[in-house]
file upload.cif (mmCIF, C-alpha atoms)
data_input
loop_
_atom_site.group_PDB
_atom_site.id
_atom_site.type_symbol
_atom_site.label_atom_id
_atom_site.label_comp_id
_atom_site.auth_asym_id
_atom_site.auth_seq_id
_atom_site.Cartn_x
_atom_site.Cartn_y
_atom_site.Cartn_z
ATOM 1 C CA MET A 30 0.000 0.000 0.000
ATOM 2 C CA ALA A 31 2.761 2.438 0.954
ATOM 3 C CA ASP A 32 4.691 1.311 -2.107
ATOM 4 C CA GLU A 33 1.753 2.241 -4.348
ATOM 5 C CA ALA A 34 1.415 5.623 -2.628
ATOM 6 C CA ASN A 35 5.122 6.315 -3.185
ATOM 7 C CA ARG A 36 4.820 5.272 -6.810
ATOM 8 C CA THR A 37 1.860 7.626 -7.283
ATOM 9 C CA ALA A 38 3.781 10.433 -5.571
ATOM 10 C CA PHE A 39 6.757 9.777 -7.862
ATOM 11 C CA LEU A 40 4.580 9.981 -10.979
ATOM 12 C CA GLU A 41 3.043 13.228 -9.732
ATOM 13 C CA ILE A 42 6.458 14.748 -9.010
ATOM 14 C CA GLN A 43 7.726 13.573 -12.376
ATOM 15 C CA SER A 44 4.823 15.234 -14.209
ATOM 16 C CA ARG A 45 5.363 18.472 -12.246
ATOM 17 C CA MET A 46 9.054 18.396 -13.180
ATOM 18 C CA ILE A 47 8.272 17.890 -16.877
ATOM 19 C CA GLU A 48 5.691 20.695 -16.799
ATOM 20 C CA THR A 49 8.029 23.095 -14.992
ATOM 21 C CA THR A 50 10.905 22.294 -17.349
ATOM 22 C CA GLY A 51 8.688 23.010 -20.348
ATOM 23 C CA LYS A 52 7.537 26.337 -18.911
ATOM 24 C CA LEU A 53 11.109 27.299 -18.073
ATOM 25 C CA LYS A 54 12.265 26.592 -21.632
ATOM 26 C CA GLN A 55 9.354 28.605 -22.995
ATOM 27 C CA VAL A 56 10.236 31.600 -20.801
ATOM 28 C CA GLN A 57 13.898 31.375 -21.846
ATOM 29 C CA ASN A 58 12.888 31.360 -25.524
ATOM 30 C CA GLN A 59 10.637 34.377 -24.970
ATOM 31 C CA MET A 60 13.499 36.183 -23.246
ATOM 32 C CA ARG A 61 15.833 35.499 -26.171
ATOM 33 C CA SER A 62 13.182 36.764 -28.579
ATOM 34 C CA LYS A 63 12.633 39.959 -26.575
ATOM 35 C CA GLU A 64 16.404 40.518 -26.311
ATOM 36 C CA ALA A 65 16.702 40.287 -30.103
ATOM 37 C CA GLU A 66 13.752 42.651 -30.565
ATOM 38 C CA LYS A 67 15.263 45.134 -28.091
ATOM 39 C CA LYS A 68 18.660 44.961 -29.798
ATOM 40 C CA ARG A 69 17.080 45.512 -33.221
ATOM 41 C CA ALA A 70 15.232 48.589 -31.918
ATOM 42 C CA PHE A 71 18.440 49.945 -30.364
ATOM 43 C CA LEU A 72 20.449 49.473 -33.549
ATOM 44 C CA THR A 73 17.696 51.083 -35.611
ATOM 45 C CA MET A 74 17.665 54.095 -33.271
ATOM 46 C CA GLU A 75 21.447 54.396 -33.553
ATOM 47 C CA GLU A 76 21.226 54.407 -37.350
ATOM 48 C CA LEU A 77 18.360 56.920 -37.360
ATOM 49 C CA LYS A 78 20.359 59.296 -35.146
ATOM 50 C CA GLN A 79 22.972 59.564 -37.884
ATOM 51 C CA VAL A 80 20.407 60.547 -40.526
ATOM 52 C CA PRO A 81 19.682 64.289 -40.988
ATOM 53 C CA ASP A 82 16.199 65.383 -39.843
ATOM 54 C CA ASP A 83 15.034 66.431 -43.319
ATOM 55 C CA THR A 84 15.805 63.032 -44.904
ATOM 56 C CA ASN A 85 12.924 60.884 -46.149
ATOM 57 C CA VAL A 86 12.649 57.762 -44.005
ATOM 58 C CA TYR A 87 10.411 54.796 -44.690
ATOM 59 C CA LYS A 88 8.725 52.293 -42.436
ATOM 60 C CA SER A 89 8.317 48.720 -43.607
ATOM 61 C CA ILE A 90 4.781 47.367 -43.353
ATOM 62 C CA GLY A 91 4.657 43.875 -44.789
ATOM 63 C CA ARG A 92 5.876 44.167 -48.376
ATOM 64 C CA MET A 93 5.170 47.897 -48.520
ATOM 65 C CA PHE A 94 7.152 50.940 -47.399
ATOM 66 C CA VAL A 95 5.403 53.989 -45.956
ATOM 67 C CA LEU A 96 6.937 57.462 -45.742
ATOM 68 C CA GLU A 97 7.248 58.591 -42.102
ATOM 69 C CA THR A 98 8.965 61.405 -40.279
ATOM 70 C CA LYS A 99 12.227 60.634 -38.540
ATOM 71 C CA ALA A 100 10.713 61.659 -35.177
ATOM 72 C CA THR A 101 7.835 59.183 -35.578
ATOM 73 C CA LEU A 102 10.194 56.319 -36.331
ATOM 74 C CA MET A 103 12.479 57.289 -33.428
ATOM 75 C CA ASN A 104 9.492 57.288 -31.042
ATOM 76 C CA GLU A 105 8.352 53.885 -32.299
ATOM 77 C CA GLN A 106 11.823 52.422 -31.820
ATOM 78 C CA GLU A 107 12.145 53.948 -28.341
ATOM 79 C CA ASN A 108 8.772 52.438 -27.398
ATOM 80 C CA LYS A 109 9.836 49.033 -28.735
ATOM 81 C CA PHE A 110 13.061 49.284 -26.738
ATOM 82 C CA LYS A 111 11.230 50.232 -23.511
ATOM 83 C CA ASP A 112 8.597 47.533 -24.040
ATOM 84 C CA GLY A 113 11.362 45.001 -24.581
ATOM 85 C CA GLU A 114 13.049 46.007 -21.326
ATOM 86 C CA ALA A 115 9.768 45.768 -19.411
ATOM 87 C CA SER A 116 8.974 42.371 -20.914
ATOM 88 C CA ILE A 117 12.442 41.060 -20.117
ATOM 89 C CA THR A 118 12.111 42.223 -16.512
ATOM 90 C CA ALA A 119 8.752 40.453 -16.167
ATOM 91 C CA LEU A 120 10.087 37.308 -17.837
ATOM 92 C CA GLN A 121 13.152 37.346 -15.576
ATOM 93 C CA SER A 122 10.968 37.316 -12.462
ATOM 94 C CA SER A 123 8.896 34.525 -13.994
ATOM 95 C CA LYS A 124 12.075 32.599 -14.750
ATOM 96 C CA GLU A 125 13.297 32.994 -11.166
ATOM 97 C CA TYR A 126 9.947 31.720 -9.867
ATOM 98 C CA LEU A 127 10.076 28.686 -12.167
ATOM 99 C CA GLU A 128 13.668 27.959 -11.136
ATOM 100 C CA LYS A 129 12.571 28.002 -7.467
ATOM 101 C CA GLN A 130 9.723 25.627 -8.318
ATOM 102 C CA MET A 131 12.168 23.354 -10.128
ATOM 103 C CA THR A 132 14.491 23.291 -7.115
ATOM 104 C CA GLU A 133 11.533 22.464 -4.866
ATOM 105 C CA VAL A 134 10.403 19.624 -7.152
ATOM 106 C CA GLU A 135 13.946 18.235 -7.294
ATOM 107 C CA SER A 136 14.228 18.282 -3.501
ATOM 108 C CA ASN A 137 10.829 16.565 -3.194
ATOM 109 C CA LEU A 138 11.984 13.873 -5.601
ATOM 110 C CA ARG A 139 15.286 13.426 -3.767
ATOM 111 C CA GLU A 140 13.444 13.179 -0.439
ATOM 112 C CA LEU A 141 11.017 10.596 -1.830
ATOM 113 C CA LEU A 142 13.824 8.460 -3.233
ATOM 114 C CA GLN A 143 15.778 8.613 0.042
ATOM 115 C CA GLN A 144 12.632 7.688 1.934
ATOM 116 C CA ASP A 145 11.970 4.609 -0.212
ATOM 117 C CA PRO A 146 15.174 3.035 -1.602
ATOM 118 C CA GLY A 147 13.073 0.229 -3.113
ATOM 119 C CA LEU A 148 11.347 2.776 -5.355
ATOM 120 C CA ALA A 149 14.733 4.117 -6.454
ATOM 121 C CA ARG A 150 15.818 0.593 -7.419
ATOM 122 C CA GLN A 151 12.554 0.050 -9.326
ATOM 123 C CA ILE A 152 13.047 3.274 -11.252
ATOM 124 C CA MET A 153 16.650 2.428 -12.090
ATOM 125 C CA SER A 154 15.636 -1.022 -13.342
ATOM 126 C CA MET A 155 12.903 0.307 -15.646
ATOM 127 C CA ASN A 156 13.561 -0.007 -19.354
ATOM 128 C CA VAL A 157 13.333 3.312 -21.144
ATOM 129 C CA VAL A 158 11.772 2.950 -24.565
#
call {"tool": "encode", "arguments": {"input": "upload.cif", "output": "structure tokens"}}
result
Amino acid sequence: MADEANRTAFLEIQSRMIETTGKLKQVQNQMRSKEAEKKRAFLTMEELKQVPDDTNVYKSIGRMFVLETKATLMNEQENKFKDGEASITALQSSKEYLEKQMTEVESNLRELLQQDPGLARQIMSMNVV
């Protein structure tokens, strides 16, 4: 009976670990994407700063280019940069939370396996397909 309870607990912990790992990877991918977006906005701003104010500048919309003022494009890029920073900050806190959850799940698993060495042997003897 206790063996079955430990086995059920192991399966629950395992599913939580898989779920948390997936969420953590997703957050890391989102952070990389936001970093790239932020960098692109920064580089665009740097290039626009070098252009004289009276120069025609164009904004890409799909396969079309629209004439815009330099100030409008600078504001858009600044907003993208600030939004990227805010998103990265939020994602960083989410990542830290998920890492804490992962540590907690790992300690729960370690505790369960130390509590029931028979379960650890069963797991080690399982064939992975």
call {"tool": "resolve_selection", "arguments": {"input": "upload.cif", "expression": "the PyMOL selection byres ((chain A and resi 121) around 12)", "output": "list in words"}}
result
Leu53, Val56, Gln57, Asn58, Gln59, Met60, Arg61, Lys63, Glu64, Gly113, Glu114, Ala115, Ser116, Ile117, Thr118, Ala119, Leu120, Ser122, Ser123, Lys124, Glu125, Tyr126, Leu127 and Glu128 of chain A
call {"tool": "write_last_selection", "arguments": {"input": "upload.cif", "atoms": "C-alpha atoms", "output": "short mmCIF file (atom, residue, chain, number, x, y, z; two decimals), in the coordinates of the input"}}
result
data_model
loop_
_atom_site.label_atom_id
_atom_site.label_comp_id
_atom_site.auth_asym_id
_atom_site.auth_seq_id
_atom_site.Cartn_x
_atom_site.Cartn_y
_atom_site.Cartn_z
CA LEU A 53 11.11 27.30 -18.07
CA VAL A 56 10.24 31.60 -20.80
CA GLN A 57 13.90 31.38 -21.85
CA ASN A 58 12.89 31.36 -25.52
CA GLN A 59 10.64 34.38 -24.97
CA MET A 60 13.50 36.18 -23.25
CA ARG A 61 15.83 35.50 -26.17
CA LYS A 63 12.63 39.96 -26.58
CA GLU A 64 16.40 40.52 -26.31
CA GLY A 113 11.36 45.00 -24.58
CA GLU A 114 13.05 46.01 -21.33
CA ALA A 115 9.77 45.77 -19.41
CA SER A 116 8.97 42.37 -20.91
CA ILE A 117 12.44 41.06 -20.12
CA THR A 118 12.11 42.22 -16.51
CA ALA A 119 8.75 40.45 -16.17
CA LEU A 120 10.09 37.31 -17.84
CA SER A 122 10.97 37.32 -12.46
CA SER A 123 8.90 34.52 -13.99
CA LYS A 124 12.08 32.60 -14.75
CA GLU A 125 13.30 32.99 -11.17
CA TYR A 126 9.95 31.72 -9.87
CA LEU A 127 10.08 28.69 -12.17
CA GLU A 128 13.67 27.96 -11.14
#
call {"tool": "residues_around", "arguments": {"input": "upload.cif", "residues": "region 106-111 of chain A", "least_positions_apart": "2", "cutoff": "9 Å", "atoms": "only C-alpha atoms", "output": "NGL selection string"}}
result
:A and (66-71 or 73-74 or 101-104 or 113-116)
call {"tool": "atom_distance", "arguments": {"input": "upload.cif", "atom1": "CA of Met153 (chain A)", "atom2": "CA of Gln55 (chain A)"}}
result
29.3 Å
call {"tool": "atom_distance", "arguments": {"input": "upload.cif", "atom1": "CA of Met93 (chain A)", "atom2": "CA of Ser62 (chain A)"}}
result
24.2 Å
call {"tool": "atom_distance", "arguments": {"input": "upload.cif", "atom1": "CA of Glu48 (chain A)", "atom2": "CA of Leu148 (chain A)"}}
result
22.0 Å
call {"tool": "axis_aligned_box", "arguments": {"input": "upload.cif", "around": "region 120-123 of chain A", "padding_each_side": "3 Å", "output": "AutoDock Vina command-line options"}}
result
--center_x 11.0 --center_y 35.9 --center_z -15.1 --size_x 10.3 --size_y 8.8 --size_z 11.4
call {"tool": "closest_residue", "arguments": {"input": "upload.cif", "among": "A:Thr50, A:Asn35, A:Leu96, A:Asp112", "to": "Gln151 (chain A)", "atoms": "all atoms listed in the file"}}
result
A:Asn35
call {"tool": "closest_residue", "arguments": {"input": "upload.cif", "among": "A:Asn137, A:Glu76, A:Val95, A:Arg150", "to": "Phe39 (chain A)", "atoms": "only C-alpha atoms"}}
result
A:Asn137
call {"tool": "closest_residue", "arguments": {"input": "upload.cif", "among": "A:Leu77, A:Ala100, A:Ala34, A:Met131", "to": "Gly51 (chain A)", "atoms": "only C-alpha atoms"}}
result
A:Met131
call {"tool": "residues_around", "arguments": {"input": "upload.cif", "residues": "Gln43 (chain A)", "least_positions_apart": "4", "cutoff": "10 Å", "atoms": "only C-alpha atoms", "output": "list in words"}}
result
Thr37, Ala38, Phe39, Ile47, Glu48, Thr49, Val134, Glu135 and Leu138 of chain A
